[in-house]
Amino acid sequence: MKAARVFAALSAIFICVAGIVWSQTYPVKPVRVIVPFPPAGANDIVARIVLPKLSEQMGQSFVIENRSGAGGTTGSALVAKSPPDGYTLLIQTVGSHVSNPHLCRKLPYDALADFAPITPLARLVAVLTVHPSMPVRSVKELITLAQQHPKQILFGHAGYGSFIHLNAVLLESMTHIQITQVPFKGGGPAVVGLISGETQAMIAGIGDVIEHIKARRARALGVTSTERVALLPDVPVIADTVRGFECTTWISILAPAGTPRAIIDQLNAELGNALRDPAVASRLINVTYDPVHKTPEELAQRLKTDYELIGKLFRTFNVKVE
């Protein structure tokens with residue numbers, strides 16, 4: 001018995017020391033970072049602002065790879081099935097990540113159990129935007145038009161389960177309007193659809209459309225936060241018209257479940273340093289993303305809370321992939 005206890009104690013010490021050594025030597029090769037949407041969307045923009053600083057700090061490349069498809073599930077599945085060694089990571093919005101399980105009957109991963117949260121990177125606020133040809137200049141006018149013409153207004157989104165899709169579902173459910181949802185393969189293509197006139201409206205990430213708004217290729221009607229946004233000071237909040245409306249999310253970074261805690265903590269600390277860097281923070285703010293750094297536990301709690309809230313919303317309004 002004594003020998004067994006000594007062996008167990010030595011094993012625990014070995015595991016602890018191994019974890020410390022592992023974290024001190026990590027990373028020894030480039031890290032693959034999966035963005036499960038095409039370039040030019042919110043996840044991609046934030047990743048390309050933050051990760052170069054992380055590469056600089058840690059002395060290894062964090063290489064972004066866009067793996068789009070099925071509303072973000074293709075890239076997420078790839079990460080879930082990757083070795084939990086810290087060399088494959090995922091950039092995903094909380095809303096998109098936890099809404100997909102409620103839309104897909106046979107998702108090839110468990111959105112909560114198969115991932116190790118690291119930290120949020122930025123808060124994403126969206127804006128209700130219409131094509132300039134639309135005869136509306138306020139949220140109220142758009143709702144009235146939709147009531148007069150059920151299912152005739154085409155709302156583009158980044159794929160079923162995406163944060164953009166979630167916003168449109170929330171607006172539809174809270175106002176009782178009927179719109180036609182048009183899925184694209186990511187936020188970037190959805191914006192192109194709006195600007196070209198293929199669709200008439202979209203609740204897009206502000207960073208995705210702000211230049212088009214400034215150039216008057218799109219018209220902003222309302223933002224999804226509870227407060228006005230500094231870069232769009234003249235645009236009211238949707239909640240001024242639709243009482244209680246709010247829909248923001250965190251763009252976050254996750255690893256496969258089972259990734260050593262030492263690596264998770266190291267990445268969390270380094271990303272915190274990167275987000276506090278004045279140049280990184282100002283670049284995020286300039287494209288309307290608020291830098292956010294939290295503990296892995298705080299991100300895990302937000303994932304769990306949003307999973308339950310979105311599930312209830314989708315069940316109540318019978319939201320499903322058509």
# chains A, B, ... in the order shown; residues from 1 in each chain; ligands from 1

$ residues_around --residues "Thr224 in chain A" --least-positions-apart "2" --cutoff "9 Å" --atoms "only C-alpha atoms" --output "list of chain:residue names"
A:Val125, A:Ala126, A:Val127, A:Leu128, A:Asn167, A:Ile203, A:Gly222, A:Thr226, A:Glu227, A:Arg228, A:Val237, A:Ile238, A:Ala239, A:Phe245, A:Glu246, A:Cys247, A:Thr248

$ write_last_selection --atoms "all heavy atoms" --output "tab-separated table (two decimals), in the first residue's frame"
chain	number	residue	atom	x	y	z
A	125	VAL	N	-21.12	43.77	-32.27
A	125	VAL	CA	-22.43	44.42	-32.35
A	125	VAL	C	-22.82	44.45	-33.82
A	125	VAL	O	-21.99	44.69	-34.69
A	125	VAL	CB	-22.38	45.85	-31.78
A	125	VAL	CG1	-23.73	46.54	-31.91
A	125	VAL	CG2	-21.95	45.82	-30.32
A	126	ALA	N	-24.09	44.22	-34.10
A	126	ALA	CA	-24.57	44.22	-35.49
A	126	ALA	C	-25.42	45.45	-35.76
A	126	ALA	O	-25.82	46.17	-34.84
A	126	ALA	CB	-25.36	42.95	-35.77
A	127	VAL	N	-25.70	45.67	-37.04
A	127	VAL	CA	-26.52	46.81	-37.45
A	127	VAL	C	-27.53	46.35	-38.49
A	127	VAL	O	-27.19	45.63	-39.43
A	127	VAL	CB	-25.65	47.96	-37.98
A	127	VAL	CG1	-24.78	47.52	-39.15
A	127	VAL	CG2	-26.50	49.16	-38.39
A	128	LEU	N	-28.78	46.75	-38.31
A	128	LEU	CA	-29.83	46.48	-39.28
A	128	LEU	C	-29.63	47.41	-40.45
A	128	LEU	O	-29.66	48.64	-40.31
A	128	LEU	CB	-31.21	46.70	-38.64
A	128	LEU	CG	-32.43	46.58	-39.56
A	128	LEU	CD1	-32.47	45.24	-40.28
A	128	LEU	CD2	-33.70	46.82	-38.75
A	167	ASN	N	-29.74	37.15	-35.25
A	167	ASN	CA	-30.30	38.49	-35.12
A	167	ASN	C	-31.60	38.63	-35.90
A	167	ASN	O	-32.58	39.20	-35.41
A	167	ASN	CB	-29.30	39.53	-35.61
A	167	ASN	CG	-28.41	40.07	-34.51
A	167	ASN	OD1	-28.79	40.99	-33.78
A	167	ASN	ND2	-27.23	39.50	-34.38
A	203	ILE	N	-28.94	42.06	-41.05
A	203	ILE	CA	-28.43	42.53	-39.76
A	203	ILE	C	-26.99	42.05	-39.67
A	203	ILE	O	-26.70	40.93	-39.24
A	203	ILE	CB	-29.27	42.02	-38.58
A	203	ILE	CG1	-30.75	42.40	-38.78
A	203	ILE	CG2	-28.76	42.60	-37.27
A	203	ILE	CD1	-31.66	42.00	-37.64
A	222	GLY	N	-30.55	50.68	-37.48
A	222	GLY	CA	-30.48	50.53	-36.03
A	222	GLY	C	-29.43	49.52	-35.63
A	222	GLY	O	-29.17	48.56	-36.36
A	226	THR	N	-27.50	47.92	-26.66
A	226	THR	CA	-28.42	48.75	-25.89
A	226	THR	C	-27.99	50.21	-25.87
A	226	THR	O	-28.71	51.06	-25.34
A	226	THR	CB	-28.54	48.25	-24.44
A	226	THR	OG1	-27.23	48.20	-23.86
A	226	THR	CG2	-29.17	46.86	-24.41
A	227	GLU	N	-26.80	50.46	-26.42
A	227	GLU	CA	-26.30	51.83	-26.49
A	227	GLU	C	-25.83	52.14	-27.91
A	227	GLU	O	-25.50	51.22	-28.66
A	227	GLU	CB	-25.16	52.05	-25.50
A	227	GLU	CG	-23.83	51.38	-25.87
A	227	GLU	CD	-23.80	49.87	-25.72
A	227	GLU	OE1	-24.64	49.32	-24.97
A	227	GLU	OE2	-22.94	49.23	-26.35
A	228	ARG	N	-25.82	53.40	-28.27
A	228	ARG	CA	-25.35	53.77	-29.61
A	228	ARG	C	-23.86	53.47	-29.73
A	228	ARG	O	-23.13	53.41	-28.75
A	228	ARG	CB	-25.61	55.25	-29.88
A	228	ARG	CG	-27.09	55.58	-29.99
A	228	ARG	CD	-27.33	56.90	-30.71
A	228	ARG	NE	-28.76	57.21	-30.78
A	228	ARG	CZ	-29.29	58.04	-31.68
A	228	ARG	NH1	-28.52	58.64	-32.58
A	228	ARG	NH2	-30.59	58.27	-31.68
A	237	VAL	N	-30.60	52.77	-31.58
A	237	VAL	CA	-30.62	51.34	-31.24
A	237	VAL	C	-31.98	50.77	-31.64
A	237	VAL	O	-33.00	51.46	-31.59
A	237	VAL	CB	-30.37	51.12	-29.72
A	237	VAL	CG1	-29.01	51.65	-29.34
A	237	VAL	CG2	-31.45	51.74	-28.88
A	238	ILE	N	-31.98	49.52	-32.06
A	238	ILE	CA	-33.23	48.86	-32.47
A	238	ILE	C	-34.23	48.86	-31.32
A	238	ILE	O	-35.43	48.96	-31.52
A	238	ILE	CB	-32.94	47.44	-32.97
A	238	ILE	CG1	-32.10	47.48	-34.26
A	238	ILE	CG2	-34.23	46.65	-33.21
A	238	ILE	CD1	-31.65	46.12	-34.76
A	239	ALA	N	-33.69	48.77	-30.09
A	239	ALA	CA	-34.56	48.71	-28.91
A	239	ALA	C	-35.39	49.98	-28.72
A	239	ALA	O	-36.40	49.95	-28.00
A	239	ALA	CB	-33.73	48.45	-27.67
A	245	PHE	N	-35.11	44.59	-27.38
A	245	PHE	CA	-34.25	43.94	-28.37
A	245	PHE	C	-32.78	44.20	-28.02
A	245	PHE	O	-32.36	45.32	-27.83
A	245	PHE	CB	-34.54	44.46	-29.78
A	245	PHE	CG	-33.79	43.72	-30.86
A	245	PHE	CD1	-34.41	42.71	-31.57
A	245	PHE	CD2	-32.46	44.00	-31.15
A	245	PHE	CE1	-33.73	42.00	-32.56
A	245	PHE	CE2	-31.76	43.30	-32.13
A	245	PHE	CZ	-32.40	42.30	-32.83
A	246	GLU	N	-32.03	43.13	-27.96
A	246	GLU	CA	-30.57	43.22	-27.80
A	246	GLU	C	-29.96	41.92	-28.30
A	246	GLU	O	-30.43	40.84	-27.95
A	246	GLU	CB	-30.16	43.44	-26.34
A	246	GLU	CG	-28.66	43.51	-26.17
A	246	GLU	CD	-28.20	43.53	-24.71
A	246	GLU	OE1	-29.06	43.40	-23.81
A	246	GLU	OE2	-26.99	43.65	-24.49
A	247	CYS	N	-28.93	42.03	-29.11
A	247	CYS	CA	-28.27	40.82	-29.60
A	247	CYS	C	-26.82	41.16	-29.93
A	247	CYS	O	-26.53	41.73	-30.99
A	247	CYS	CB	-28.98	40.24	-30.81
A	247	CYS	SG	-28.51	38.53	-31.19
A	248	THR	N	-25.92	40.86	-29.00
A	248	THR	CA	-24.49	41.01	-29.23
A	248	THR	C	-23.85	39.67	-28.91
A	248	THR	O	-24.46	38.79	-28.28
A	248	THR	CB	-23.88	42.11	-28.34
A	248	THR	OG1	-24.02	41.73	-26.96
A	248	THR	CG2	-24.57	43.45	-28.57

$ residues_around --residues "range 86-94 of chain A" --least-positions-apart "3" --cutoff "6 Å" --atoms "only C-alpha atoms" --output "number ranges by chain"
A: 31-35, 97, 250-255

$ closest_residue --among "A:Leu121, A:Ile195, A:Val242, A:Ala204" --to "Ala168 in chain A" --atoms "only C-alpha atoms"
A:Ala204

$ select_by_dssp --residues "range 67-199 of chain A" --states "strand (DSSP E or B)" --output "PDB file with C-alpha atoms, in the first residue's frame"
ATOM      1  CA  THR A  88      -5.232  23.609 -33.844  1.00  0.00           C
ATOM      2  CA  LEU A  89      -7.511  26.380 -32.559  1.00  0.00           C
ATOM      3  CA  LEU A  90     -10.918  27.775 -33.518  1.00  0.00           C
ATOM      4  CA  ILE A  91     -12.135  31.367 -33.908  1.00  0.00           C
ATOM      5  CA  GLN A  92     -15.914  31.396 -33.565  1.00  0.00           C
ATOM      6  CA  THR A  93     -18.684  33.659 -32.314  1.00  0.00           C
ATOM      7  CA  PHE A 115     -14.111  22.307 -26.942  1.00  0.00           C
ATOM      8  CA  ALA A 116     -11.916  23.975 -24.335  1.00  0.00           C
ATOM      9  CA  PRO A 117     -12.705  27.710 -24.072  1.00  0.00           C
ATOM     10  CA  ILE A 118      -9.675  30.024 -23.983  1.00  0.00           C
ATOM     11  CA  THR A 119     -10.963  33.612 -24.032  1.00  0.00           C
ATOM     12  CA  PRO A 120     -13.217  36.013 -25.922  1.00  0.00           C
ATOM     13  CA  LEU A 121     -11.348  38.390 -28.210  1.00  0.00           C
ATOM     14  CA  ALA A 122     -13.963  41.016 -29.041  1.00  0.00           C
ATOM     15  CA  ARG A 123     -17.602  41.945 -28.624  1.00  0.00           C
ATOM     16  CA  LEU A 124     -19.560  41.976 -31.867  1.00  0.00           C
ATOM     17  CA  VAL A 125     -22.428  44.418 -32.351  1.00  0.00           C
ATOM     18  CA  ALA A 126     -24.567  44.219 -35.486  1.00  0.00           C
ATOM     19  CA  VAL A 127     -26.524  46.807 -37.448  1.00  0.00           C
ATOM     20  CA  LEU A 128     -29.832  46.476 -39.277  1.00  0.00           C
ATOM     21  CA  THR A 129     -28.990  47.593 -42.804  1.00  0.00           C
ATOM     22  CA  VAL A 130     -30.968  47.894 -46.033  1.00  0.00           C
ATOM     23  CA  LEU A 154     -35.182  39.168 -48.492  1.00  0.00           C
ATOM     24  CA  PHE A 155     -32.840  39.151 -45.479  1.00  0.00           C
ATOM     25  CA  GLY A 156     -29.351  37.840 -46.181  1.00  0.00           C
ATOM     26  CA  HIS A 157     -27.330  36.051 -43.513  1.00  0.00           C
ATOM     27  CA  THR A 180     -37.552  35.467 -46.236  1.00  0.00           C
ATOM     28  CA  GLN A 181     -34.137  34.385 -44.959  1.00  0.00           C
ATOM     29  CA  VAL A 182     -31.452  33.956 -47.625  1.00  0.00           C
ATOM     30  CA  PRO A 183     -28.346  32.023 -46.501  1.00  0.00           C
TER      31      PRO A 183
END

$ residues_around --residues "Thr175 in chain A" --least-positions-apart "3" --cutoff "9 Å" --atoms "only C-alpha atoms" --output "number ranges by chain"
A: 143, 170-172, 178, 242

$ residues_around --residues "range 67-71 of chain A" --least-positions-apart "2" --cutoff "10 Å" --atoms "only C-alpha atoms" --output "PyMOL selection string"
chain A and resi 33-39+64-65+73-76+78+96-97+99-100+104+157-163+165+183-186

$ closest_residue --among "A:Ser138, A:Ser173, A:Ser55, A:Gln200" --to "Glu270 in chain A" --atoms "only C-alpha atoms"
A:Ser55

$ select_by_dssp --residues "range 19-263 of chain A" --states "alpha helix (DSSP H)" --output "mmCIF file with C-alpha atoms, in the first residue's frame"
data_model
loop_
_atom_site.group_PDB
_atom_site.id
_atom_site.type_symbol
_atom_site.label_atom_id
_atom_site.label_comp_id
_atom_site.auth_asym_id
_atom_site.auth_seq_id
_atom_site.Cartn_x
_atom_site.Cartn_y
_atom_site.Cartn_z
ATOM 1 C CA GLY A 19 2.522 20.246 -17.838
ATOM 2 C CA ILE A 20 4.798 23.080 -16.741
ATOM 3 C CA VAL A 21 7.570 22.032 -19.131
ATOM 4 C CA TRP A 22 5.055 21.632 -21.969
ATOM 5 C CA SER A 23 3.678 25.126 -21.431
ATOM 6 C CA GLN A 24 7.198 26.588 -21.265
ATOM 7 C CA THR A 25 8.178 25.055 -24.608
ATOM 8 C CA ALA A 42 -16.259 39.365 -38.409
ATOM 9 C CA ASN A 43 -14.375 36.273 -37.173
ATOM 10 C CA ASP A 44 -11.802 36.650 -39.916
ATOM 11 C CA ILE A 45 -11.296 40.391 -39.359
ATOM 12 C CA VAL A 46 -10.740 40.009 -35.615
ATOM 13 C CA ALA A 47 -8.391 37.050 -36.090
ATOM 14 C CA ARG A 48 -6.243 38.978 -38.566
ATOM 15 C CA ILE A 49 -5.920 41.898 -36.149
ATOM 16 C CA VAL A 50 -5.132 39.933 -32.982
ATOM 17 C CA LEU A 51 -3.146 36.894 -34.108
ATOM 18 C CA PRO A 52 -0.145 38.697 -35.679
ATOM 19 C CA LYS A 53 0.523 40.225 -32.252
ATOM 20 C CA LEU A 54 0.220 36.782 -30.655
ATOM 21 C CA SER A 55 2.742 35.426 -33.183
ATOM 22 C CA GLU A 56 5.111 38.253 -32.293
ATOM 23 C CA GLN A 57 4.807 37.592 -28.562
ATOM 24 C CA MET A 58 5.123 33.807 -28.704
ATOM 25 C CA THR A 73 -19.961 23.621 -38.526
ATOM 26 C CA THR A 74 -17.435 22.328 -41.086
ATOM 27 C CA GLY A 75 -14.513 24.209 -39.573
ATOM 28 C CA SER A 76 -15.709 23.620 -36.023
ATOM 29 C CA ALA A 77 -15.887 19.859 -36.626
ATOM 30 C CA LEU A 78 -12.329 19.900 -37.941
ATOM 31 C CA VAL A 79 -11.088 21.489 -34.709
ATOM 32 C CA ALA A 80 -13.172 19.210 -32.475
ATOM 33 C CA VAL A 94 -20.430 32.367 -29.209
ATOM 34 C CA GLY A 95 -23.871 32.839 -30.803
ATOM 35 C CA SER A 96 -23.016 30.871 -33.936
ATOM 36 C CA HIS A 97 -21.225 28.130 -32.039
ATOM 37 C CA VAL A 98 -24.106 27.324 -29.698
ATOM 38 C CA SER A 99 -26.983 27.915 -32.103
ATOM 39 C CA ASN A 100 -25.869 25.252 -34.580
ATOM 40 C CA PRO A 101 -26.664 22.326 -32.227
ATOM 41 C CA HIS A 102 -30.276 23.482 -32.123
ATOM 42 C CA LEU A 103 -30.499 23.583 -35.928
ATOM 43 C CA VAL A 139 -36.639 50.456 -38.059
ATOM 44 C CA LYS A 140 -40.316 51.302 -37.681
ATOM 45 C CA GLU A 141 -40.751 51.906 -41.410
ATOM 46 C CA LEU A 142 -39.049 48.601 -42.229
ATOM 47 C CA ILE A 143 -41.310 46.707 -39.831
ATOM 48 C CA THR A 144 -44.383 48.391 -41.341
ATOM 49 C CA LEU A 145 -43.259 47.496 -44.853
ATOM 50 C CA ALA A 146 -42.653 43.884 -43.824
ATOM 51 C CA GLN A 147 -46.123 43.721 -42.271
ATOM 52 C CA GLN A 148 -47.655 45.001 -45.514
ATOM 53 C CA PHE A 163 -24.874 35.310 -35.458
ATOM 54 C CA ILE A 164 -26.345 37.276 -38.377
ATOM 55 C CA HIS A 165 -29.075 34.655 -38.798
ATOM 56 C CA LEU A 166 -29.748 34.720 -35.042
ATOM 57 C CA ASN A 167 -30.304 38.487 -35.118
ATOM 58 C CA ALA A 168 -32.819 38.207 -37.951
ATOM 59 C CA VAL A 169 -34.686 35.420 -36.142
ATOM 60 C CA LEU A 170 -34.860 37.544 -33.002
ATOM 61 C CA LEU A 171 -36.181 40.563 -34.921
ATOM 62 C CA GLU A 172 -38.761 38.430 -36.701
ATOM 63 C CA SER A 173 -39.933 36.793 -33.480
ATOM 64 C CA MET A 174 -40.166 40.018 -31.460
ATOM 65 C CA THR A 175 -42.027 42.002 -34.130
ATOM 66 C CA GLY A 187 -20.763 37.234 -43.689
ATOM 67 C CA GLY A 188 -18.597 38.569 -46.522
ATOM 68 C CA PRO A 189 -20.660 36.958 -49.313
ATOM 69 C CA ALA A 190 -23.879 38.033 -47.541
ATOM 70 C CA VAL A 191 -22.712 41.658 -47.587
ATOM 71 C CA VAL A 192 -21.951 41.358 -51.301
ATOM 72 C CA GLY A 193 -25.503 40.077 -51.770
ATOM 73 C CA LEU A 194 -26.885 43.135 -49.992
ATOM 74 C CA ILE A 195 -24.739 45.675 -51.831
ATOM 75 C CA SER A 196 -25.534 44.130 -55.211
ATOM 76 C CA ILE A 206 -20.879 46.602 -38.082
ATOM 77 C CA GLY A 207 -17.306 46.005 -39.171
ATOM 78 C CA ASP A 208 -18.561 44.101 -42.218
ATOM 79 C CA VAL A 209 -20.637 46.979 -43.574
ATOM 80 C CA ILE A 210 -19.416 50.262 -42.105
ATOM 81 C CA GLU A 211 -17.471 51.289 -45.210
ATOM 82 C CA HIS A 212 -20.506 50.557 -47.370
ATOM 83 C CA ILE A 213 -22.652 52.635 -45.020
ATOM 84 C CA LYS A 214 -20.207 55.541 -45.256
ATOM 85 C CA ARG A 261 -4.675 23.418 -18.945
ATOM 86 C CA ALA A 262 -1.134 24.819 -18.925
ATOM 87 C CA ILE A 263 -1.440 25.602 -22.641
#

$ atom_distance --atom1 "CA of Gln152 in chain A" --atom2 "CA of Asp240 in chain A"
24.6 Å
